[in-house]
Amino acid sequence: MAATAQPIALDKIPREGHEESQFQIVMRRFLRHRLAVASLIFIIIMFIAALLAPVISPFPRDAIDIAVTARPGPPGTIGSGGQLHPLGVDHLGRDLFTRLLYGARVSLSIAFIVVLLSEMVGVILGATAGFLGGWFDTIISRTVEFLLSIPTLPILLITASILIRTDAQLPVPAFVTNGVAWMLAAPAQEANKVIVLMFILIVLGWTGAARLMRGMALTLRNQDFVEALRAVGASNARIMFRHIIPNGLAPILVNASLGLAGIVIAEATLSFLGVGVQEPTPSWGNMLSAAQSYMFQHPWLPLVPGIPLCLLTISFNFVGDGLRDALDPRLKR
């Protein structure tokens, strides 16, 4: 008796030569890291909330509710006109939910700008030093070693105290100042102080990316494809920017994600100590500083900025771990 042919579903027929792209492989590995995915979702929610702070917040940034100015009010405080303060008010009668949103806007903006610029500086200097070598490599390497050998926090405190307390201004174009002022929803004078703070963090924060990219450049500059590019007349700049840097970006992305957590903590620390973002511009650091005088009588005050600060820092670290696992070429699954 002849065997009956069974139909085969077309979607089950293996397609020869079909392989996942590198992006698909990275995404599949990253999505497998559930903590990293949840952390990324939290960061996106915080970013959207901070960006839409003027829309979400029921009060202006520095509005004072005169009905509740005698002392801090707990979550659910009813102010003048029956207006609800969902997270309470501070000792001046300012809505904590509003200041939390604007503080997130300040902290996230500073973190992303500082990390973006410091990583760019570090990548360019590190790639140039590793690829060209010679005296330039020596200067960059010794500079990195010097900056890494000094304690960061005391240097931050000293330089921030001198520059911010003396109202020093950097010679930046007006559109930069206006852009930072819009980002902070603050006057230009307050934006100038934040620009100085970001400049200090960038100057001290490019070393990690420079070391990573220098190591990648030292490894890649003797590869066969580099010799082939030289043979066809490619310039050093073309080789670096079109081939060396793109091939070395994986560890830079991980370093940037972890660096975001460090910048958020650094900004909060400086603001807490009074040499970072200054009042009345809200920052999670200066909110914690203002709350320390009332934390035993009104324990919710430090929790309002403290909990989001901890969650945001942990989230950046989890995303960095997820990126490290996803971009690791030794993982084959």
# chains A, B, ... in the order shown; residues from 1 in each chain; ligands from 1

$ residues_around --residues "Thr269 in chain A" --least-positions-apart "4" --cutoff "7 Å" --atoms "only C-alpha atoms" --output "mmCIF file with N, CA and C atoms, in the first residue's frame"
data_model
loop_
_atom_site.group_PDB
_atom_site.id
_atom_site.type_symbol
_atom_site.label_atom_id
_atom_site.label_comp_id
_atom_site.auth_asym_id
_atom_site.auth_seq_id
_atom_site.Cartn_x
_atom_site.Cartn_y
_atom_site.Cartn_z
ATOM 1 N N ILE A 265 24.273 60.414 40.636
ATOM 2 C CA ILE A 265 24.711 60.439 42.037
ATOM 3 C C ILE A 265 25.634 61.626 42.295
ATOM 4 N N LEU A 273 25.256 68.988 49.003
ATOM 5 C CA LEU A 273 26.270 69.704 49.778
ATOM 6 C C LEU A 273 26.259 71.206 49.509
ATOM 7 N N GLY A 285 18.997 66.412 44.726
ATOM 8 C CA GLY A 285 20.009 66.621 45.753
ATOM 9 C C GLY A 285 19.660 67.750 46.696
#

$ select_by_dssp --residues "range 15-184 of chain A" --states "helix (DSSP H, G or I)" --output "MDAnalysis selection string"
chainID A and resid 22:32 34:51 53:56 66:68 80:82 96:132 134:149 152:165 174:184

$ closest_atom_pairs --of "range 205-229 of chain A" --to "range 140-148 of chain A" --cutoff "8 Å" --atoms "only C-alpha atoms" --output "JSON lines"
{"residue": "A:Thr207", "atom": "CA", "partner": "A:Val144", "partner_atom": "CA", "distance": 5.5}
{"residue": "A:Ala210", "atom": "CA", "partner": "A:Val144", "partner_atom": "CA", "distance": 7.9}
{"residue": "A:Arg211", "atom": "CA", "partner": "A:Val144", "partner_atom": "CA", "distance": 7.7}

$ select_by_dssp --residues "range 24-193 of chain A" --states "strand (DSSP E or B)" --output "ChimeraX atom specification"
/A:64,73,77-78,84-85,89,94-95

$ residues_around --residues "Met120 in chain A" --least-positions-apart "3" --cutoff "12 Å" --atoms "only C-alpha atoms" --output "compact mmCIF listing (two decimals) with C-alpha atoms, in the first residue's frame"
# COMPACT_ATOMS: atom_id res chain seq x y z
CA ILE A 113 24.31 65.74 28.38
CA VAL A 114 27.37 65.09 30.54
CA VAL A 115 27.61 61.42 29.56
CA LEU A 116 27.07 62.15 25.86
CA LEU A 117 29.76 64.84 25.71
CA VAL A 123 36.16 58.12 22.37
CA ILE A 124 37.86 60.62 20.05
CA LEU A 125 40.93 61.11 22.27
CA GLY A 126 41.24 57.41 23.08
CA ALA A 127 40.88 56.29 19.46
CA ILE A 202 32.70 66.46 31.68
CA VAL A 203 36.33 67.43 32.38
CA GLY A 205 34.39 62.14 33.34
CA TRP A 206 35.96 61.35 29.95
CA THR A 207 38.78 59.14 31.20
CA GLY A 208 36.87 55.83 31.31
CA ALA A 209 35.76 56.04 27.68
CA ALA A 210 39.27 57.10 26.62
CA MET A 213 38.63 53.12 23.21
CA PHE A 241 35.97 57.32 12.31
CA ILE A 245 35.44 53.67 16.44
CA LEU A 249 31.48 51.06 20.50
CA ILE A 252 31.45 52.33 25.25
CA LEU A 253 27.67 51.83 25.32
CA ALA A 256 27.86 55.15 29.14

$ atom_distance --atom1 "CA of Thr152 in chain A" --atom2 "CA of Ile139 in chain A"
20.5 Å

$ atom_distance --atom1 "CA of Asp224 in chain A" --atom2 "CA of Pro251 in chain A"
22.0 Å

$ residues_around --residues "Pro171 in chain A" --least-positions-apart "5" --cutoff "12 Å" --atoms "only C-alpha atoms" --output "JSON, numbers by chain"
{"A": [176, 177, 192, 195, 196, 199]}

$ write_last_selection --atoms "C-alpha atoms" --output "mmCIF file, in the first residue's frame"
data_model
loop_
_atom_site.group_PDB
_atom_site.id
_atom_site.type_symbol
_atom_site.label_atom_id
_atom_site.label_comp_id
_atom_site.auth_asym_id
_atom_site.auth_seq_id
_atom_site.Cartn_x
_atom_site.Cartn_y
_atom_site.Cartn_z
ATOM 1 C CA VAL A 176 23.470 76.900 24.477
ATOM 2 C CA THR A 177 22.500 78.968 27.505
ATOM 3 C CA ASN A 192 24.818 79.412 33.666
ATOM 4 C CA ILE A 195 26.520 74.774 32.576
ATOM 5 C CA VAL A 196 29.508 75.292 34.878
ATOM 6 C CA PHE A 199 31.599 71.405 32.410
#

$ residues_around --residues "range 180-185 of chain A" --least-positions-apart "2" --cutoff "12 Å" --atoms "only C-alpha atoms" --output "ChimeraX atom specification"
/A:50-54,60-62,99,101-110,112-113,172-178,187-198,277-278,280-283

$ decode --residues "range 81-113 of chain A" --atoms "N, CA and C atoms" --output "mmCIF file, in the first residue's frame"
data_model
loop_
_atom_site.group_PDB
_atom_site.id
_atom_site.type_symbol
_atom_site.label_atom_id
_atom_site.label_comp_id
_atom_site.auth_asym_id
_atom_site.auth_seq_id
_atom_site.Cartn_x
_atom_site.Cartn_y
_atom_site.Cartn_z
ATOM 1 N N GLY A 81 -7.921 76.838 48.142
ATOM 2 C CA GLY A 81 -8.840 76.544 47.050
ATOM 3 C C GLY A 81 -9.180 75.080 46.912
ATOM 4 N N GLY A 82 -8.859 74.279 47.935
ATOM 5 C CA GLY A 82 -9.151 72.850 47.877
ATOM 6 C C GLY A 82 -8.240 72.065 46.956
ATOM 7 N N GLN A 83 -7.086 72.646 46.582
ATOM 8 C CA GLN A 83 -6.171 71.951 45.684
ATOM 9 C C GLN A 83 -5.397 70.871 46.434
ATOM 10 N N LEU A 84 -5.263 69.707 45.808
ATOM 11 C CA LEU A 84 -4.605 68.558 46.420
ATOM 12 C C LEU A 84 -3.118 68.573 46.106
ATOM 13 N N HIS A 85 -2.311 68.321 47.153
ATOM 14 C CA HIS A 85 -0.868 68.120 46.988
ATOM 15 C C HIS A 85 -0.600 66.632 47.205
ATOM 16 N N PRO A 86 -0.482 65.827 46.137
ATOM 17 C CA PRO A 86 -0.444 64.365 46.291
ATOM 18 C C PRO A 86 0.733 63.852 47.110
ATOM 19 N N LEU A 87 1.883 64.512 47.028
ATOM 20 C CA LEU A 87 3.052 64.099 47.808
ATOM 21 C C LEU A 87 3.349 65.059 48.947
ATOM 22 N N GLY A 88 2.443 65.975 49.217
ATOM 23 C CA GLY A 88 2.637 66.933 50.295
ATOM 24 C C GLY A 88 3.337 68.188 49.828
ATOM 25 N N VAL A 89 3.718 69.024 50.798
ATOM 26 C CA VAL A 89 4.419 70.277 50.514
ATOM 27 C C VAL A 89 5.653 70.365 51.396
ATOM 28 N N ASP A 90 6.630 71.169 50.960
ATOM 29 C CA ASP A 90 7.831 71.352 51.773
ATOM 30 C C ASP A 90 7.616 72.468 52.788
ATOM 31 N N HIS A 91 8.702 72.890 53.452
ATOM 32 C CA HIS A 91 8.586 73.871 54.532
ATOM 33 C C HIS A 91 8.205 75.257 54.032
ATOM 34 N N LEU A 92 8.310 75.486 52.728
ATOM 35 C CA LEU A 92 7.912 76.772 52.159
ATOM 36 C C LEU A 92 6.538 76.723 51.506
ATOM 37 N N GLY A 93 5.890 75.581 51.557
ATOM 38 C CA GLY A 93 4.576 75.445 50.943
ATOM 39 C C GLY A 93 4.609 75.129 49.462
ATOM 40 N N ARG A 94 5.743 74.639 48.953
ATOM 41 C CA ARG A 94 5.853 74.280 47.540
ATOM 42 C C ARG A 94 5.463 72.818 47.343
ATOM 43 N N ASP A 95 4.754 72.550 46.268
ATOM 44 C CA ASP A 95 4.257 71.202 45.997
ATOM 45 C C ASP A 95 5.418 70.256 45.702
ATOM 46 N N LEU A 96 5.512 69.154 46.460
ATOM 47 C CA LEU A 96 6.625 68.226 46.312
ATOM 48 C C LEU A 96 6.538 67.421 45.020
ATOM 49 N N PHE A 97 5.336 67.102 44.581
ATOM 50 C CA PHE A 97 5.199 66.366 43.323
ATOM 51 C C PHE A 97 5.717 67.203 42.157
ATOM 52 N N THR A 98 5.406 68.484 42.169
ATOM 53 C CA THR A 98 5.898 69.383 41.122
ATOM 54 C C THR A 98 7.414 69.467 41.144
ATOM 55 N N ARG A 99 7.981 69.646 42.322
ATOM 56 C CA ARG A 99 9.433 69.759 42.431
ATOM 57 C C ARG A 99 10.116 68.432 42.108
ATOM 58 N N LEU A 100 9.449 67.324 42.398
ATOM 59 C CA LEU A 100 10.004 66.019 42.036
ATOM 60 C C LEU A 100 10.116 65.883 40.519
ATOM 61 N N LEU A 101 9.084 66.299 39.796
ATOM 62 C CA LEU A 101 9.104 66.213 38.337
ATOM 63 C C LEU A 101 10.175 67.123 37.743
ATOM 64 N N TYR A 102 10.232 68.362 38.222
ATOM 65 C CA TYR A 102 11.239 69.281 37.700
ATOM 66 C C TYR A 102 12.646 68.863 38.134
ATOM 67 N N GLY A 103 12.765 68.275 39.323
ATOM 68 C CA GLY A 103 14.058 67.751 39.749
ATOM 69 C C GLY A 103 14.518 66.606 38.867
ATOM 70 N N ALA A 104 13.575 65.743 38.458
ATOM 71 C CA ALA A 104 13.915 64.671 37.523
ATOM 72 C C ALA A 104 14.380 65.246 36.191
ATOM 73 N N ARG A 105 13.738 66.312 35.770
ATOM 74 C CA ARG A 105 14.124 66.968 34.511
ATOM 75 C C ARG A 105 15.552 67.480 34.596
ATOM 76 N N VAL A 106 15.892 68.089 35.724
ATOM 77 C CA VAL A 106 17.248 68.610 35.914
ATOM 78 C C VAL A 106 18.259 67.471 35.967
ATOM 79 N N SER A 107 18.003 66.465 36.804
ATOM 80 C CA SER A 107 18.960 65.376 36.997
ATOM 81 C C SER A 107 19.173 64.580 35.716
ATOM 82 N N LEU A 108 18.093 64.225 35.022
ATOM 83 C CA LEU A 108 18.222 63.447 33.793
ATOM 84 C C LEU A 108 18.886 64.255 32.683
ATOM 85 N N SER A 109 18.548 65.530 32.579
ATOM 86 C CA SER A 109 19.157 66.364 31.540
ATOM 87 C C SER A 109 20.655 66.488 31.755
ATOM 88 N N ILE A 110 21.053 66.772 32.978
ATOM 89 C CA ILE A 110 22.483 66.876 33.279
ATOM 90 C C ILE A 110 23.178 65.554 33.001
ATOM 91 N N ALA A 111 22.580 64.443 33.430
ATOM 92 C CA ALA A 111 23.204 63.132 33.254
ATOM 93 C C ALA A 111 23.397 62.803 31.777
ATOM 94 N N PHE A 112 22.362 62.975 30.961
ATOM 95 C CA PHE A 112 22.468 62.606 29.551
ATOM 96 C C PHE A 112 23.433 63.518 28.802
ATOM 97 N N ILE A 113 23.405 64.820 29.081
ATOM 98 C CA ILE A 113 24.306 65.740 28.379
ATOM 99 C C ILE A 113 25.753 65.478 28.775
#
